[in-house]
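Asks: This is the content of model-v2.cif (mmCIF, C-alpha atoms):
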data_start
loop_
_atom_site.label_atom_id
_atom_site.label_comp_id
_atom_site.auth_asym_id
_atom_site.auth_seq_id
_atom_site.Cartn_x
_atom_site.Cartn_y
_atom_site.Cartn_z
CA MET R 1 17.27 9.29 97.12
CA THR R 2 14.83 11.34 99.15
CA GLY R 3 15.35 14.84 97.73
CA PRO R 4 13.49 16.20 94.74
CA CYS R 5 16.73 16.74 92.75
CA GLN R 6 17.79 13.18 93.27
CA TRP R 7 14.44 11.92 92.02
CA ASP R 8 14.55 14.26 89.02
CA TRP R 9 17.98 12.91 88.15
CA ALA R 10 16.67 9.38 88.47
CA VAL R 11 13.73 10.19 86.22
CA GLN R 12 15.96 11.75 83.56
CA SER R 13 18.38 8.81 83.57
CA MET R 14 15.61 6.29 82.87
CA THR R 15 15.31 6.33 79.10
CA ASP R 16 14.49 2.70 78.57
CA PRO R 17 10.81 1.72 78.82
CA CYS R 18 11.82 -1.41 80.71
CA GLN R 19 13.44 0.72 83.41
CA TRP R 20 10.21 2.66 83.85
CA TYR R 21 8.22 -0.51 84.06
CA TRP R 22 10.25 -2.04 86.85
CA ALA R 23 10.66 1.30 88.65
CA VAL R 24 6.89 1.69 88.88
CA HIS R 25 6.26 -1.81 90.16
CA LEU R 26 9.14 -1.79 92.64
CA GLY R 27 8.06 1.52 94.15
CA LEU R 28 11.22 3.45 93.28
CA LEU R 29 9.31 6.49 91.98
CA HIS R 30 7.31 8.83 94.21
CA ASN R 31 5.23 11.85 93.58
CA ASN R 32 6.52 15.32 94.39
CA ASN R 33 4.44 15.61 97.55
CA ASP R 34 5.92 12.45 99.04
CA ASN R 35 9.45 13.63 98.26
CA ASN R 36 8.89 17.06 99.77
CA ASN R 37 7.49 15.60 103.04
CA ASN R 38 10.27 13.00 103.27
CA LYS R 39 7.70 10.25 103.75
CA PRO R 40 7.63 6.90 102.08
CA ALA R 41 5.46 6.79 99.04
CA ASP R 42 1.96 5.55 99.30
CA PRO R 43 1.31 2.90 96.69
CA ALA R 44 -2.11 4.34 96.05
CA ASN R 45 -0.76 7.83 95.25
CA ARG R 46 2.21 6.88 93.13
CA LYS R 47 2.56 8.82 89.90
CA VAL R 48 4.75 7.86 87.00
CA PHE R 49 6.39 10.77 85.17
CA ALA R 50 6.94 9.29 81.75
CA PRO R 51 9.73 11.13 79.91
CA SER R 52 9.12 12.69 76.52
CA ILE R 53 11.19 10.01 74.83
CA MET R 54 8.38 7.56 75.41
CA THR R 55 6.02 9.48 73.17
CA ALA R 56 8.74 10.46 70.64
CA VAL R 57 9.52 6.93 69.51
CA PRO R 58 8.07 6.65 65.99
CA PRO R 59 5.84 3.73 65.25
CA PRO R 60 7.21 1.01 62.97
CA PRO R 61 6.59 1.56 59.26
CA PRO R 62 3.49 -0.15 57.93
CA ARG R 63 4.10 -3.36 56.08
CA ALA R 64 3.31 -3.51 52.40
CA PRO R 65 -0.05 -5.12 51.77
CA PRO R 66 0.05 -8.51 50.06
CA PRO R 67 -0.88 -8.62 46.39
CA SER R 68 -4.58 -8.65 45.85
CA SER R 69 -6.22 -11.85 44.85
CA THR R 70 -7.59 -10.17 41.73
CA THR R 71 -4.13 -10.03 40.13
CA SER R 72 -3.97 -12.65 37.46
CA THR R 73 -1.32 -15.35 37.35
CA ALA R 74 -0.23 -14.21 33.88
CA GLU R 75 0.72 -10.78 35.24
CA HIS R 76 2.88 -12.35 37.96
CA GLU R 77 4.58 -14.57 35.40
CA SER R 78 5.25 -11.61 33.11
CA GLU R 79 6.82 -9.68 36.01
CA GLU R 80 9.03 -12.64 36.90
CA ARG R 81 9.98 -13.10 33.25
CA LYS R 82 11.29 -9.52 33.00
CA PHE R 83 14.04 -10.26 35.52
CA SER R 84 15.15 -13.34 33.59
CA LEU R 85 15.54 -11.46 30.28
CA SER R 86 18.69 -9.84 28.97
CA PRO R 87 18.86 -6.01 28.89
CA VAL R 88 18.10 -5.93 25.15
CA GLU R 89 15.12 -8.27 25.48
CA ARG R 90 13.91 -6.33 28.51
CA ASN R 91 13.85 -3.10 26.49
CA LEU R 92 11.95 -4.79 23.69
CA SER R 93 9.42 -6.24 26.11
CA SER R 94 8.90 -2.85 27.73
CA VAL R 95 7.71 -1.33 24.44
CA GLY R 96 5.29 -4.17 23.88
CA SER R 97 7.07 -6.05 21.09
CA PRO R 98 5.62 -9.52 20.52
CA PRO R 99 7.80 -12.54 21.29
CA ARG R 100 9.77 -13.90 18.41
CA LYS R 101 8.23 -16.83 16.59
CA GLU R 102 9.64 -19.34 14.15
CA SER R 103 7.47 -17.85 11.39
CA ASP R 104 9.18 -14.46 11.90
CA THR R 105 12.61 -15.77 10.93
CA ILE R 106 13.89 -14.50 7.58
CA ASN R 107 13.69 -16.98 4.72
CA GLN R 108 17.18 -17.55 3.36
CA GLU R 109 15.92 -17.71 -0.21
CA GLU R 110 14.06 -14.42 0.20
CA LEU R 111 17.15 -12.82 1.77
CA HIS R 112 19.26 -14.02 -1.17
CA GLN R 113 16.82 -12.51 -3.67
CA ARG R 114 16.90 -9.18 -1.85
CA GLU R 115 20.66 -9.05 -2.34
CA CYS R 116 20.83 -9.97 -6.03
CA VAL R 117 17.42 -9.19 -7.62
CA PHE R 118 16.48 -5.57 -8.24
CA PRO R 119 13.55 -3.82 -9.94
CA VAL R 120 14.16 -1.67 -13.00
CA ASP R 121 12.46 1.70 -13.40
CA ASP R 122 12.31 1.74 -17.17
CA LYS R 123 10.83 5.03 -18.38
CA SER R 124 12.89 5.32 -21.54
CA PRO R 125 11.15 6.02 -24.86
CA ALA R 126 10.71 3.53 -27.64
CA ASP R 127 13.72 2.72 -29.74
CA ALA R 128 13.10 4.22 -33.17
CA THR R 129 15.28 1.67 -34.98
CA ALA R 130 13.54 -1.33 -33.39
CA GLY R 131 10.19 -0.79 -35.07
CA VAL R 132 7.02 -2.42 -33.81
CA SER R 133 5.56 -5.88 -33.87
CA VAL R 134 2.44 -7.03 -35.67
CA ALA R 135 0.39 -6.08 -32.62
CA GLY R 136 1.96 -2.60 -32.61
CA ILE R 137 4.24 -3.28 -29.60
CA GLY R 138 7.55 -1.38 -29.58
CA ILE R 139 10.70 -1.87 -27.45
CA SER R 140 12.21 0.64 -25.06
CA GLN R 141 15.76 1.84 -25.42
CA LEU R 142 16.74 0.66 -21.95
CA SER R 143 15.58 -2.88 -22.73
CA LEU R 144 17.96 -3.19 -25.67
CA GLN R 145 20.80 -1.56 -23.73
CA MET R 146 20.45 -3.93 -20.79
CA HIS R 147 20.57 -6.91 -23.13
CA LYS R 148 23.83 -5.60 -24.60
CA ASP R 149 25.27 -5.27 -21.07
CA LEU R 150 24.27 -8.85 -20.32
CA LEU R 151 25.81 -10.12 -23.55
CA LYS R 152 29.08 -8.20 -23.66
CA LYS R 153 29.83 -6.88 -20.16
CA LYS R 154 28.42 -9.89 -18.30
CA VAL R 155 26.89 -7.54 -15.72
CA TYR R 156 23.58 -9.37 -15.41
CA LYS R 157 22.68 -13.00 -15.01
CA TRP R 158 19.22 -12.42 -16.43
CA VAL R 159 16.84 -9.61 -17.40
CA MET R 160 13.04 -9.85 -17.29
CA PHE R 161 10.75 -7.78 -19.55
CA ARG R 162 7.04 -7.03 -19.51
CA ILE R 163 4.54 -5.46 -21.90
CA ASP R 164 3.52 -2.02 -20.65
CA LYS R 165 0.65 -0.88 -22.84
CA HIS R 166 2.30 -0.62 -26.29
CA LEU R 167 5.93 -0.96 -25.22
CA ILE R 168 8.18 -3.76 -23.96
CA ARG R 169 10.09 -2.52 -20.91
CA ALA R 170 12.70 -3.99 -18.57
CA GLN R 171 11.14 -4.92 -15.22
CA GLN R 172 13.66 -6.85 -13.10
CA VAL R 173 17.30 -7.80 -13.25
CA GLY R 174 19.47 -10.41 -11.55
CA MET R 175 23.01 -9.24 -10.77
CA LYS R 176 25.63 -11.80 -11.72
CA LYS R 177 28.26 -10.65 -9.21
CA SER R 178 25.73 -10.92 -6.39
CA GLY R 179 25.03 -14.57 -7.14
CA ALA R 180 21.76 -14.40 -9.07
CA SER R 181 20.70 -17.72 -10.55
CA TYR R 182 18.26 -19.18 -13.04
CA SER R 183 16.03 -20.34 -10.17
CA ASP R 184 15.69 -16.71 -9.07
CA PHE R 185 14.43 -15.86 -12.53
CA VAL R 186 11.84 -18.66 -12.41
CA SER R 187 10.63 -17.61 -8.95
CA MET R 188 9.93 -14.07 -10.22
CA LEU R 189 7.59 -15.20 -13.00
CA PRO R 190 3.96 -14.21 -12.31
CA CYS R 191 1.15 -16.72 -12.62
CA ASP R 192 -1.29 -14.39 -14.40
CA GLU R 193 0.82 -12.34 -16.82
CA ALA R 194 3.13 -13.00 -19.74
CA ARG R 195 6.83 -12.17 -19.54
CA PHE R 196 9.94 -12.15 -21.70
CA GLY R 197 13.43 -12.78 -20.48
CA VAL R 198 17.04 -13.33 -21.46
CA VAL R 199 19.23 -15.58 -19.30
CA ASP R 200 23.00 -16.07 -19.43
CA VAL R 201 23.52 -19.80 -18.79
CA ASP R 202 26.96 -21.20 -17.97
CA LEU R 203 27.73 -24.83 -18.73
CA ILE R 204 30.60 -27.22 -19.36
CA ASN R 205 30.75 -29.23 -22.57
CA SER R 206 32.01 -32.78 -23.05
CA ASP R 207 35.59 -31.53 -23.46
CA GLY R 208 35.52 -29.81 -20.06
CA CYS R 209 35.41 -26.29 -21.48
CA LYS R 210 33.27 -23.60 -19.88
CA LEU R 211 30.70 -22.11 -22.23
CA SER R 212 28.03 -19.44 -22.03
CA ARG R 213 24.74 -19.43 -23.90
CA ILE R 214 22.02 -16.74 -24.08
CA VAL R 215 18.50 -18.13 -23.71
CA PHE R 216 15.40 -16.21 -24.74
CA VAL R 217 12.39 -17.08 -22.55
CA HIS R 218 8.77 -16.53 -23.51
CA TRP R 219 6.51 -17.09 -20.50
CA ALA R 220 2.74 -17.24 -21.20
CA PRO R 221 0.78 -18.97 -18.41
CA ASP R 222 -2.67 -20.39 -19.09
CA THR R 223 -4.20 -18.18 -16.42
CA ALA R 224 -3.09 -14.97 -18.13
CA PRO R 225 -5.76 -12.85 -19.90
CA ALA R 226 -6.36 -13.81 -23.53
CA MET R 227 -5.54 -10.33 -24.85
CA HIS R 228 -2.27 -10.27 -22.94
CA LYS R 229 -1.25 -13.68 -24.29
CA MET R 230 -2.11 -12.57 -27.81
CA LYS R 231 0.10 -9.47 -27.56
CA SER R 232 3.02 -11.44 -26.18
CA ALA R 233 2.70 -14.19 -28.80
CA SER R 234 2.66 -11.69 -31.68
CA SER R 235 5.61 -9.73 -30.24
CA ALA R 236 7.88 -12.56 -29.09
CA GLN R 237 9.48 -13.29 -32.45
CA HIS R 238 9.97 -9.63 -33.26
CA PHE R 239 11.61 -9.01 -29.90
CA LYS R 240 13.87 -12.07 -30.19
CA ASN R 241 15.14 -11.01 -33.63
CA LEU R 242 16.38 -7.72 -32.14
CA LEU R 243 18.40 -9.44 -29.39
CA GLN R 244 21.93 -10.36 -30.43
CA GLY R 245 23.58 -13.59 -29.35
CA VAL R 246 20.42 -15.57 -28.56
CA SER R 247 21.07 -19.25 -29.28
CA VAL R 248 18.15 -21.02 -27.55
CA GLU R 249 14.46 -20.18 -27.16
CA LEU R 250 12.31 -21.51 -24.37
CA GLN R 251 8.51 -21.21 -24.49
CA ALA R 252 6.60 -22.28 -21.41
CA SER R 253 3.13 -21.95 -19.92
CA ASP R 254 3.75 -23.97 -16.74
CA LEU R 255 6.52 -23.99 -14.16
CA ASP R 256 7.23 -27.66 -14.88
CA GLU R 257 8.41 -26.62 -18.34
CA MET R 258 10.83 -24.13 -16.77
CA GLY R 259 12.97 -26.77 -15.09
CA GLU R 260 16.71 -26.27 -15.23
CA GLU R 261 17.36 -29.81 -16.44
CA GLY R 262 15.05 -29.32 -19.42
CA LEU R 263 16.75 -26.04 -20.21
CA MET R 264 20.20 -27.62 -20.17
CA SER R 265 19.03 -30.41 -22.47
CA ARG R 266 17.71 -27.83 -24.93
CA ILE R 267 21.04 -26.04 -24.91
CA ARG R 268 22.98 -29.26 -25.52
CA ASP R 269 20.64 -30.21 -28.36
CA SER R 270 21.21 -26.87 -30.03
CA MET R 271 24.97 -27.32 -29.72
CA THR R 272 24.74 -30.81 -31.25
CA ARG R 273 22.72 -29.62 -34.25
CA ARG R 274 25.36 -27.02 -34.99
#
Output the file's structure in the form of structure tokens.
Replies:
Amino acid sequence: MTGPCQWDWAVQSMTDPCQWYWAVHLGLLHNNNDNNNNKPADPANRKVFAPSIMTAVPPPPPRAPPPSSTTSTAEHESEERKFSLSPVERNLSSVGSPPRKESDTINQEELHQRECVFPVDDKSPADATAGVSVAGIGISQLSLQMHKDLLKKKVYKWVMFRIDKHLIRAQQVGMKKSGASYSDFVSMLPCDEARFGVVDVDLINSDGCKLSRIVFVHWAPDTAPAMHKMKSASSAQHFKNLLQGVSVELQASDLDEMGEEGLMSRIRDSMTRR
């Protein structure tokens, strides 16, 4: 290959950098002057015509820098934890919801009370036929109506009443079909206010027959204000006389006196006296 065309073809065919390397060192490439004069190339005047492909090869992409030492270990653990979570938990963690704790679990007793205990919005006027007590406390129409529903329709397990200024009003009710119990009634009693209540108690007598008794409850804790206890004490008997079907009365100032066993013994004693 002594002609210029032959050398140009040789230059164009060498696309590999390794070929250029060995061609230079083995003296296979000559400058244009040497080729035109048909003389062997002088090693001192050799010129390498690097093709454009040598400069067109893009450099390798830069490697990602390692995580900085300032990143805390907790952040790395939180990132690793995201990949171990389920899709639902991953969505919750992305919005910043705190992890679930044992204290966040729903109390079964509280869940039961939500399903069977309901507040009563009693805004009815005073019953004109009921009159007032010695302390001037009347009774709302809804209070008497709810007691009739408990007695005859067996809709409620219990009804709780409170003194609102100069009127006794229904406050809470336990639904019988939803599984309300006497313990639910006791748990709703406040520790600093007096309350009235009627409870439908089911029991079985000595002959194995199922019976139902209506119990009137007068709750007056020692920590209640003196004026409030005085109003409830002077109105309890008047209120009880207006409630039909009441067979047992229970007065208590402490939760120990509201035990279910003591209540059942009172009911059995009243049945024995009759």
Asks: Can you list, as a PyMOL selection string, the residues that the PyMOL selection byres ((chain R and resi 230-234) around 7) selects here?
Replies: chain R and resi 133-135+194+226-229+235-236
Asks: Might you spell out which residues the PyMOL selection byres ((chain R and resi 185-191) around 8) would select in the displayed file, as a PyMOL selection string?
Replies: chain R and resi 158+160+174+181-184+192-195+219+221+223-224+255+258
Asks: Please produce a file of the residues just selected, as a compact mmCIF listing (two decimals), in the frame of the given file, where the atoms kept are C-alpha atoms.
Replies:
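Here's the written file again_35.txt:
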# COMPACT_ATOMS: atom_id res chain seq x y z
CA TRP R 158 19.22 -12.42 -16.43
CA MET R 160 13.04 -9.85 -17.29
CA GLY R 174 19.47 -10.41 -11.55
CA SER R 181 20.70 -17.72 -10.55
CA TYR R 182 18.26 -19.18 -13.04
CA SER R 183 16.03 -20.34 -10.17
CA ASP R 184 15.69 -16.71 -9.07
CA ASP R 192 -1.29 -14.39 -14.40
CA GLU R 193 0.82 -12.34 -16.82
CA ALA R 194 3.13 -13.00 -19.74
CA ARG R 195 6.83 -12.17 -19.54
CA TRP R 219 6.51 -17.09 -20.50
CA PRO R 221 0.78 -18.97 -18.41
CA THR R 223 -4.20 -18.18 -16.42
CA ALA R 224 -3.09 -14.97 -18.13
CA LEU R 255 6.52 -23.99 -14.16
CA MET R 258 10.83 -24.13 -16.77
Asks: How many Å lie between CA of Ser270 in chain R and CA of Ser247 in chain R, rounded to one decimal?
Replies: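 Going from CA of Ser270 in chain R over to CA of Ser247 in chain R covers 7.7 Å.
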Asks: Would you please work out which residue, of R:Ile163, R:Lys152, R:Ile139, R:Ala170, is nearest to Asp121 in chain R when using only C-alpha atoms?
Replies: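 So, comparing all the options, the nearest one is R:Ala170.
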Asks: Using the chain letters and numbers from the file, which residues does the PyMOL selection byres ((chain R and resi 151) around 12) grab, as a PyMOL selection string?
Replies: chain R and resi 144-150+152-159+176+198-201+212-215+243-247
Asks: Env of Cys116 in chain R: 6 Å cut, atoms = all atoms listed in the file, seq-sep filter 6 positions within chain, self excluded. Answer as a PyMOL selection string.
Replies: chain R and resi 174-175+178+180
Asks: Could you please take those selected residues and save C-alpha atoms as a compact mmCIF listing (two decimals), keeping the file's coordinate frame?
Replies:
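After the write, out17.txt holds the following:
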# COMPACT_ATOMS: atom_id res chain seq x y z
CA GLY R 174 19.47 -10.41 -11.55
CA MET R 175 23.01 -9.24 -10.77
CA SER R 178 25.73 -10.92 -6.39
CA ALA R 180 21.76 -14.40 -9.07
Asks: If I put a ball of radius 9 Å at (13.5, 4.5, -26.6) in the file's coordinates, which residues poke into it when counting all atoms listed in the file, written as a list in words?
Replies: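 The residues near that point, listed by chain and number, are Lys123, Ser124, Pro125, Ala126, Asp127, Ala128, Ala130, Gly138, Ile139, Ser140, Gln141, Leu142, Ser143 and Leu144 of chain R.
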Asks: In Å, with one decimal, what is the gap from CA of Ile137 in chain R to CA of Arg162 in chain R?
Replies: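 Going from CA of Ile137 in chain R over to CA of Arg162 in chain R, I get 11.1 Å.
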Asks: CA of Pro225 in chain R and CA of Gly131 in chain R are how many Å apart?
Replies: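 Taking CA of Pro225 in chain R as the start and CA of Gly131 in chain R as the end point, the length is 25.1 Å.
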Asks: Between R:Glu249, R:Glu260, R:Cys209, R:Arg266, which one has atoms that come closest to Gly197 in chain R, using all atoms listed in the file?
Replies: R:Glu249
